[in-house]
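Below is the file model.csv, which contains CSV, C-alpha atoms.
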```
chain,number,residue,atom,x,y,z
A,1,MET,CA,136.0,129.7,121.5
A,2,ARG,CA,137.0,130.8,118.0
A,3,ILE,CA,134.1,128.9,116.5
A,4,GLU,CA,131.8,131.8,117.1
A,5,ALA,CA,133.6,133.5,114.3
A,6,LEU,CA,131.8,131.1,111.9
A,7,ARG,CA,128.5,132.7,112.7
A,8,SER,CA,129.1,135.6,110.3
A,9,ALA,CA,129.3,133.3,107.3
A,10,ARG,CA,126.9,134.1,104.5
A,11,ARG,CA,126.1,132.3,101.3
A,12,PRO,CA,126.5,134.4,98.1
A,13,GLU,CA,123.2,135.3,96.4
A,14,SER,CA,124.3,133.6,93.2
A,15,GLU,CA,124.3,130.3,95.0
A,16,TRP,CA,120.7,130.8,96.2
A,17,GLU,CA,119.4,131.3,92.6
A,18,PRO,CA,119.5,127.6,91.6
A,19,PHE,CA,118.0,126.8,95.0
A,20,MET,CA,115.0,129.1,94.5
A,21,HIS,CA,114.6,128.0,90.9
A,22,GLN,CA,114.5,124.3,92.0
A,23,LEU,CA,112.1,125.1,94.8
A,24,SER,CA,109.7,126.8,92.4
A,25,ALA,CA,109.9,123.9,90.0
A,26,ARG,CA,109.1,121.5,92.9
A,27,MET,CA,106.1,123.6,93.8
A,28,ALA,CA,104.8,123.7,90.2
A,29,ARG,CA,105.2,119.9,90.0
A,30,ARG,CA,103.3,119.4,93.3
A,31,ARG,CA,100.5,121.7,92.0
A,32,ARG,CA,100.2,119.7,88.7
A,33,SER,CA,100.1,116.4,90.5
A,34,ARG,CA,97.4,117.7,92.9
A,35,VAL,CA,95.3,118.8,89.9
A,36,LEU,CA,95.8,115.4,88.2
A,37,ASN,CA,94.9,113.6,91.5
A,38,TRP,CA,91.7,115.7,91.8
A,39,ALA,CA,90.8,115.0,88.2
A,40,ALA,CA,91.4,111.2,88.6
A,41,ALA,CA,89.3,111.2,91.9
A,42,ALA,CA,86.5,113.1,90.2
A,43,ALA,CA,86.5,110.7,87.2
A,44,LEU,CA,86.4,107.8,89.6
A,45,VAL,CA,83.4,109.2,91.4
A,46,LEU,CA,81.6,109.9,88.2
A,47,ALA,CA,82.3,106.4,86.9
A,48,ALA,CA,80.9,104.9,90.1
A,49,LEU,CA,77.8,107.1,89.9
A,50,GLY,CA,77.3,106.2,86.3
A,51,GLY,CA,77.6,102.5,87.1
A,52,LEU,CA,74.9,102.8,89.8
A,53,LEU,CA,72.5,104.5,87.3
A,54,LEU,CA,73.0,101.8,84.6
A,55,MET,CA,72.6,98.9,87.0
A,56,PRO,CA,69.3,96.9,86.3
A,57,GLY,CA,66.7,97.0,89.0
A,58,PRO,CA,65.6,94.0,91.0
A,59,LYS,CA,63.8,91.2,89.1
A,60,ALA,CA,60.0,90.6,89.6
A,61,PRO,CA,59.5,87.4,91.7
A,62,GLU,CA,58.7,84.3,89.5
A,63,PRO,CA,55.2,82.9,90.0
A,64,SER,CA,55.0,79.9,92.1
A,65,LEU,CA,55.1,76.6,90.2
A,66,ARG,CA,52.3,75.3,92.4
A,67,ALA,CA,49.9,77.8,90.8
A,68,HIS,CA,50.5,76.0,87.4
A,69,VAL,CA,49.8,72.5,88.5
A,70,PRO,CA,46.7,71.7,86.4
A,71,THR,CA,43.7,70.1,87.9
A,72,LEU,CA,40.4,69.0,86.2
A,73,SER,CA,38.6,72.0,87.7
A,74,ASP,CA,41.4,74.3,86.8
A,75,PRO,CA,43.3,73.0,83.8
A,76,VAL,CA,46.2,74.9,82.3
A,77,PHE,CA,44.6,74.7,79.0
A,78,THR,CA,41.1,73.7,77.8
A,79,PRO,CA,41.4,70.0,76.6
A,80,SER,CA,39.8,68.9,73.4
A,81,SER,CA,38.0,65.5,73.3
A,82,GLY,CA,40.1,62.4,73.7
A,83,THR,CA,43.0,64.4,75.2
A,84,ALA,CA,44.8,62.9,78.1
A,85,VAL,CA,45.2,65.4,80.8
A,86,ALA,CA,47.7,65.0,83.7
A,87,VAL,CA,46.3,66.2,86.9
A,88,ALA,CA,47.8,66.6,90.4
A,89,GLY,CA,48.9,63.4,92.0
A,90,GLY,CA,50.1,61.8,88.8
A,91,ALA,CA,46.7,60.4,87.7
A,92,VAL,CA,45.9,60.6,84.0
A,93,VAL,CA,42.3,61.2,83.1
A,94,ILE,CA,41.0,60.5,79.6
A,95,LEU,CA,38.0,62.5,78.7
A,96,PRO,CA,34.9,60.3,77.8
A,97,GLU,CA,34.9,61.1,74.0
A,98,ALA,CA,38.4,59.7,73.7
A,99,ARG,CA,37.2,56.1,74.6
A,100,THR,CA,34.9,55.7,71.6
B,1,MET,CA,111.5,139.3,110.3
B,2,THR,CA,109.2,138.7,113.2
B,3,THR,CA,107.4,135.4,113.9
B,4,SER,CA,104.0,137.0,113.3
B,5,LEU,CA,105.1,138.4,109.9
B,6,LEU,CA,106.4,134.9,108.9
B,7,ALA,CA,103.1,133.4,110.0
B,8,GLY,CA,101.2,136.0,107.9
B,9,LEU,CA,103.4,135.2,104.9
B,10,LEU,CA,102.7,131.5,105.3
B,11,LYS,CA,98.9,132.0,105.4
B,12,ARG,CA,99.1,134.1,102.2
B,13,ALA,CA,101.3,131.4,100.6
B,14,TRP,CA,98.7,128.8,101.4
B,15,LYS,CA,96.1,130.9,99.6
B,16,GLY,CA,98.2,130.7,96.5
B,17,ASP,CA,100.5,133.7,96.9
B,18,ASP,CA,103.8,132.4,95.7
B,19,ALA,CA,105.5,135.8,96.2
B,20,ALA,CA,104.7,135.5,100.0
B,21,PHE,CA,106.2,132.0,100.1
B,22,THR,CA,109.3,133.3,98.3
B,23,ALA,CA,109.6,136.1,100.9
B,24,LEU,CA,109.3,133.6,103.7
B,25,VAL,CA,112.0,131.4,102.2
B,26,GLU,CA,114.3,134.4,101.7
B,27,ALA,CA,113.9,135.5,105.3
B,28,THR,CA,114.7,132.1,106.8
B,29,ARG,CA,117.0,130.2,104.3
B,30,GLU,CA,120.3,131.6,105.4
B,31,ARG,CA,120.1,130.6,109.1
B,32,LEU,CA,118.6,127.2,108.3
B,33,PHE,CA,121.2,126.5,105.6
B,34,TRP,CA,124.2,127.1,107.9
B,35,THR,CA,122.7,125.1,110.7
B,36,VAL,CA,122.0,122.1,108.4
B,37,LYS,CA,125.2,122.5,106.4
B,38,ARG,CA,127.3,122.5,109.6
B,39,MET,CA,125.5,119.3,110.6
B,40,VAL,CA,125.7,117.4,107.3
B,41,GLY,CA,128.9,119.0,105.9
B,42,ARG,CA,127.8,119.3,102.3
B,43,ASP,CA,126.1,122.2,100.5
B,44,ALA,CA,124.1,120.0,98.1
B,45,LEU,CA,122.7,117.8,100.9
B,46,ALA,CA,121.9,120.8,103.0
B,47,ASP,CA,120.0,122.3,100.0
B,48,GLU,CA,118.1,119.1,99.5
B,49,ILE,CA,117.1,119.0,103.2
B,50,LEU,CA,116.0,122.6,103.2
B,51,GLN,CA,114.0,122.1,100.0
B,52,GLU,CA,112.2,119.1,101.6
B,53,GLY,CA,111.5,121.2,104.7
B,54,TYR,CA,110.1,124.1,102.7
B,55,MET,CA,108.0,121.7,100.6
B,56,ALA,CA,106.6,120.1,103.7
B,57,LEU,CA,105.6,123.5,105.1
B,58,TRP,CA,104.0,124.6,101.9
B,59,GLY,CA,102.2,121.3,101.6
B,60,MET,CA,100.6,121.6,105.0
B,61,GLU,CA,98.0,123.9,103.5
B,62,GLY,CA,94.6,123.4,105.2
B,63,ARG,CA,96.1,122.3,108.5
B,64,THR,CA,96.7,124.5,111.6
B,65,PRO,CA,99.6,126.8,110.7
B,66,PRO,CA,102.6,126.7,113.1
B,67,ASP,CA,102.9,129.7,115.4
B,68,ASN,CA,106.5,130.1,114.6
B,69,PRO,CA,107.2,128.9,111.0
B,70,GLU,CA,111.0,129.4,111.3
B,71,ALA,CA,111.1,127.2,114.5
B,72,TRP,CA,108.9,124.6,112.7
B,73,LEU,CA,111.3,124.6,109.7
B,74,ARG,CA,114.3,124.4,111.9
B,75,ARG,CA,112.9,121.4,113.8
B,76,THR,CA,111.9,119.7,110.5
B,77,CYS,CA,115.3,120.3,108.8
B,78,VAL,CA,117.3,119.4,111.9
B,79,ASN,CA,115.4,116.1,112.2
B,80,ARG,CA,116.0,115.3,108.6
B,81,ALA,CA,119.7,116.1,109.0
B,82,LEU,CA,119.8,113.9,112.1
B,83,ASP,CA,118.1,111.0,110.2
B,84,HIS,CA,120.8,111.4,107.5
B,85,LEU,CA,123.5,111.4,110.1
B,86,ARG,CA,122.2,108.3,111.8
B,87,ARG,CA,122.4,106.5,108.5
B,88,GLU,CA,125.9,107.9,107.8
B,89,GLU,CA,127.1,108.2,111.4
B,90,THR,CA,129.8,105.5,111.3
B,91,LYS,CA,131.1,106.5,107.9
B,92,LEU,CA,131.2,110.2,108.7
B,93,HIS,CA,132.7,109.7,112.1
B,94,GLN,CA,135.5,107.6,110.6
B,95,ALA,CA,136.0,110.1,107.8
B,96,GLY,CA,136.1,112.9,110.3
B,97,GLU,CA,138.8,111.2,112.5
B,98,ALA,CA,140.8,110.3,109.5
B,99,ALA,CA,140.6,113.9,108.2
B,100,LEU,CA,141.8,115.2,111.6
B,101,GLU,CA,144.7,112.9,111.6
B,102,ASN,CA,145.6,113.9,108.0
B,103,LEU,CA,145.3,117.6,108.9
B,104,THR,CA,147.5,117.2,112.0
B,105,ALA,CA,150.2,115.6,109.9
B,106,ALA,CA,149.9,118.0,107.1
B,107,VAL,CA,149.6,121.3,108.9
B,108,GLY,CA,150.9,121.0,112.4
B,109,LEU,CA,150.8,124.0,114.6
B,110,GLU,CA,148.3,126.9,114.7
B,111,GLU,CA,150.9,129.5,113.8
B,112,THR,CA,151.4,127.9,110.3
B,113,MET,CA,147.6,127.9,109.7
B,114,GLY,CA,145.7,130.7,107.9
B,115,VAL,CA,142.1,131.7,108.8
B,116,LEU,CA,140.7,129.4,106.1
B,117,GLU,CA,142.6,126.5,107.3
B,118,LEU,CA,141.4,127.2,110.9
B,119,GLU,CA,137.8,127.3,109.7
B,120,GLU,CA,138.4,124.1,107.8
B,121,ALA,CA,139.9,122.5,110.9
B,122,LEU,CA,136.9,123.6,113.0
B,123,HIS,CA,134.4,122.2,110.4
B,124,ARG,CA,136.3,118.9,110.3
B,125,ALA,CA,136.4,118.7,114.1
B,126,ILE,CA,132.6,119.4,114.3
B,127,ALA,CA,132.1,116.6,111.7
B,128,THR,CA,133.6,114.1,114.2
B,129,LEU,CA,130.8,114.8,116.8
B,130,PRO,CA,127.8,112.4,117.1
B,131,GLY,CA,124.6,113.7,115.4
B,132,GLN,CA,122.7,115.0,118.4
B,133,GLU,CA,125.7,116.7,120.0
B,134,ARG,CA,126.7,118.2,116.7
B,135,ALA,CA,123.2,119.6,116.2
B,136,ALA,CA,123.0,121.1,119.7
B,137,PHE,CA,126.5,122.5,119.4
B,138,VAL,CA,126.0,124.1,116.0
B,139,MET,CA,122.7,125.7,117.0
B,140,LYS,CA,123.8,126.9,120.4
B,141,VAL,CA,127.4,127.9,119.9
B,142,VAL,CA,127.8,128.5,116.2
B,143,GLU,CA,124.4,129.9,115.4
B,144,GLY,CA,123.9,131.5,118.8
B,145,LEU,CA,120.4,130.3,119.4
B,146,GLU,CA,118.9,130.2,122.9
B,147,TYR,CA,118.8,126.9,124.8
B,148,ALA,CA,114.9,127.0,124.6
B,149,GLU,CA,115.1,127.3,120.8
B,150,VAL,CA,117.6,124.4,120.5
B,151,SER,CA,115.5,122.3,122.8
B,152,ALA,CA,112.4,122.9,120.7
B,153,ALA,CA,114.3,122.1,117.5
B,154,LEU,CA,115.7,118.8,118.9
B,155,GLY,CA,112.6,117.8,120.9
B,156,VAL,CA,114.6,117.2,124.1
B,157,SER,CA,114.8,119.1,127.4
B,158,GLU,CA,117.0,122.2,127.9
B,159,SER,CA,119.1,120.3,130.4
B,160,THR,CA,119.8,117.6,127.8
B,161,VAL,CA,120.8,120.3,125.4
B,162,ARG,CA,123.2,121.9,128.0
B,163,ASN,CA,124.7,118.5,128.6
B,164,GLN,CA,125.1,117.8,124.8
B,165,VAL,CA,126.7,121.2,124.2
B,166,MET,CA,129.1,120.6,127.2
B,167,GLN,CA,130.1,117.2,125.9
B,168,ALA,CA,130.6,118.6,122.3
B,169,ARG,CA,132.8,121.4,123.7
B,170,ARG,CA,135.0,118.9,125.5
B,171,LYS,CA,135.4,116.7,122.5
B,172,LEU,CA,136.1,119.7,120.2
B,173,GLU,CA,138.7,121.1,122.6
B,174,ARG,CA,140.5,117.7,122.6
B,175,ALA,CA,140.3,117.5,118.8
B,176,LEU,CA,141.5,121.0,118.3
B,177,ALA,CA,144.3,120.6,120.9
B,178,ALA,CA,145.4,117.6,118.9
B,179,LEU,CA,145.9,120.0,116.0
B,180,GLY,CA,147.9,122.3,118.2
B,181,ILE,CA,145.0,124.9,118.3
B,182,GLU,CA,144.2,126.6,121.5
B,183,PRO,CA,140.4,126.5,121.9
```
Please lay out the structure from this file as structure tokens.
Amino acid sequence: MRIEALRSARRPESEWEPFMHQLSARMARRRRSRVLNWAAAAALVLAALGGLLLMPGPKAPEPSLRAHVPTLSDPVFTPSSGTAVAVAGGAVVILPEART
Amino acid sequence: MTTSLLAGLLKRAWKGDDAAFTALVEATRERLFWTVKRMVGRDALADEILQEGYMALWGMEGRTPPDNPEAWLRRTCVNRALDHLRREETKLHQAGEAALENLTAAVGLEETMGVLELEEALHRAIATLPGQERAAFVMKVVEGLEYAEVSAALGVSESTVRNQVMQARRKLERALAALGIEP
């Protein structure tokens, strides 16, 4: 078939020049975008690490409220004479000096 | 250039040697261009498909290099060309048939046609073939590749390629006969 004659076709070198130029430009663009992607990823990792370092540690547990319930034997403060003191169970005790 | 030389150039290119990649492109571009151009019919589109193929090969850095970079490029470019043809199939097919009818009316018999017109008629006739048949025919008959190479490029068995080439030949013979050209 005559079609085999087409096999000898060659493209002139001048037509390959813009092709090669465009290919080089694409490679350069891909390189730049790779560098930018790496920089962005590195910045993200650094920011994440920095956030971890600045994060406040766990809070100390608050003391139990029960420990602060005052009793006569263990008042929260030392009462002066005539001071009403609330104790556990809701009872109010007036110290003797307060009655006079 | 041998397969191992091309593989060596590719490894150097992946290490940042742009001159090696340029040498690889220069050693393979002509055959790939004509294969793709005869499939898609346009220089600019063939250039774009080739560029995408070369960029894909260059961007594979860090993966296992293909044993035969040219075969890898051919498969990639032919697949991209086929994807394009699938999208444009109906339009191109109709355009090809219309072009053949116009050519028949305008030119008539083979004796009145020059070499350039004959080539043009062949190109137009090839453009009427369905994508897979066109790819198989271009690579086997026009480019002179082995059935095994065409089979690797298209990802189908050799017997399928033989069948596609035979079908393409029959269709082309009919199309050329309609132009008064003895195949």
Return the neighbours of chain B among the residues of chain A, cut-off 12 Å, counting all atoms listed in the file, as a PyMOL selection string.
chain A and resi 1-13+15-31+34
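Taking CA of Leu57 in chain B and CA of Ser157 in chain B as the two end points, the separation is 24.5 Å.
Counting from CA of Val165 in chain B, the distance to CA of Leu73 in chain B is 21.4 Å.
For Ala81 in chain B, the residues within 9 Å (counting only C-alpha atoms, excluding itself and residues fewer than 5 positions away along the chain) are B:Val36, B:Lys37, B:Met39, B:Val40, B:Leu45, B:Ala46, B:Ile49, B:Thr76, B:Arg86, B:Gly131, B:Ala135.
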Separation of CA of Asp67 in chain B and CA of Lys11 in chain B, in Å?
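Rounded to one decimal, the two atoms are 11.0 Å apart.
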Skipping near chain neighbours, those fewer than 3 positions away, what residues fall within 8 Å of Ala175 in chain B using only C-alpha atoms, listed as an mmCIF file with C-alpha atoms, in the frame of the given file?
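Result file is around.cif:
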```
data_model
loop_
_atom_site.group_PDB
_atom_site.id
_atom_site.type_symbol
_atom_site.label_atom_id
_atom_site.label_comp_id
_atom_site.auth_asym_id
_atom_site.auth_seq_id
_atom_site.Cartn_x
_atom_site.Cartn_y
_atom_site.Cartn_z
ATOM 1 C CA LEU B 100 141.800 115.200 111.600
ATOM 2 C CA ALA B 125 136.400 118.700 114.100
ATOM 3 C CA LYS B 171 135.400 116.700 122.500
ATOM 4 C CA LEU B 172 136.100 119.700 120.200
ATOM 5 C CA ALA B 178 145.400 117.600 118.900
ATOM 6 C CA LEU B 179 145.900 120.000 116.000
#
```
If we count only C-alpha atoms, what is near Thr160 in chain B at a cut-off of 10 Å, once residues fewer than 4 positions away on the same chain are taken out, given as a PyMOL selection string?
chain B and resi 133+136+147+151+154-156+164-166
For the selection just defined, write its residues with C-alpha atoms to a file, as a PDB file, in the coordinates of the input.
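Output file again.pdb follows:
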```
ATOM      1  CA  GLU B 133     125.700 116.700 120.000  1.00  0.00           C
ATOM      2  CA  ALA B 136     123.000 121.100 119.700  1.00  0.00           C
ATOM      3  CA  TYR B 147     118.800 126.900 124.800  1.00  0.00           C
ATOM      4  CA  SER B 151     115.500 122.300 122.800  1.00  0.00           C
ATOM      5  CA  LEU B 154     115.700 118.800 118.900  1.00  0.00           C
ATOM      6  CA  GLY B 155     112.600 117.800 120.900  1.00  0.00           C
ATOM      7  CA  VAL B 156     114.600 117.200 124.100  1.00  0.00           C
ATOM      8  CA  GLN B 164     125.100 117.800 124.800  1.00  0.00           C
ATOM      9  CA  VAL B 165     126.700 121.200 124.200  1.00  0.00           C
ATOM     10  CA  MET B 166     129.100 120.600 127.200  1.00  0.00           C
TER      11      MET B 166
END
```
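Of the residues listed (B:Leu129, B:Ala27, B:Ala13, B:Ala19), B:Ala13 shows the shortest atom-to-atom separation from Gly62 in chain B; distances use all atoms listed in the file.
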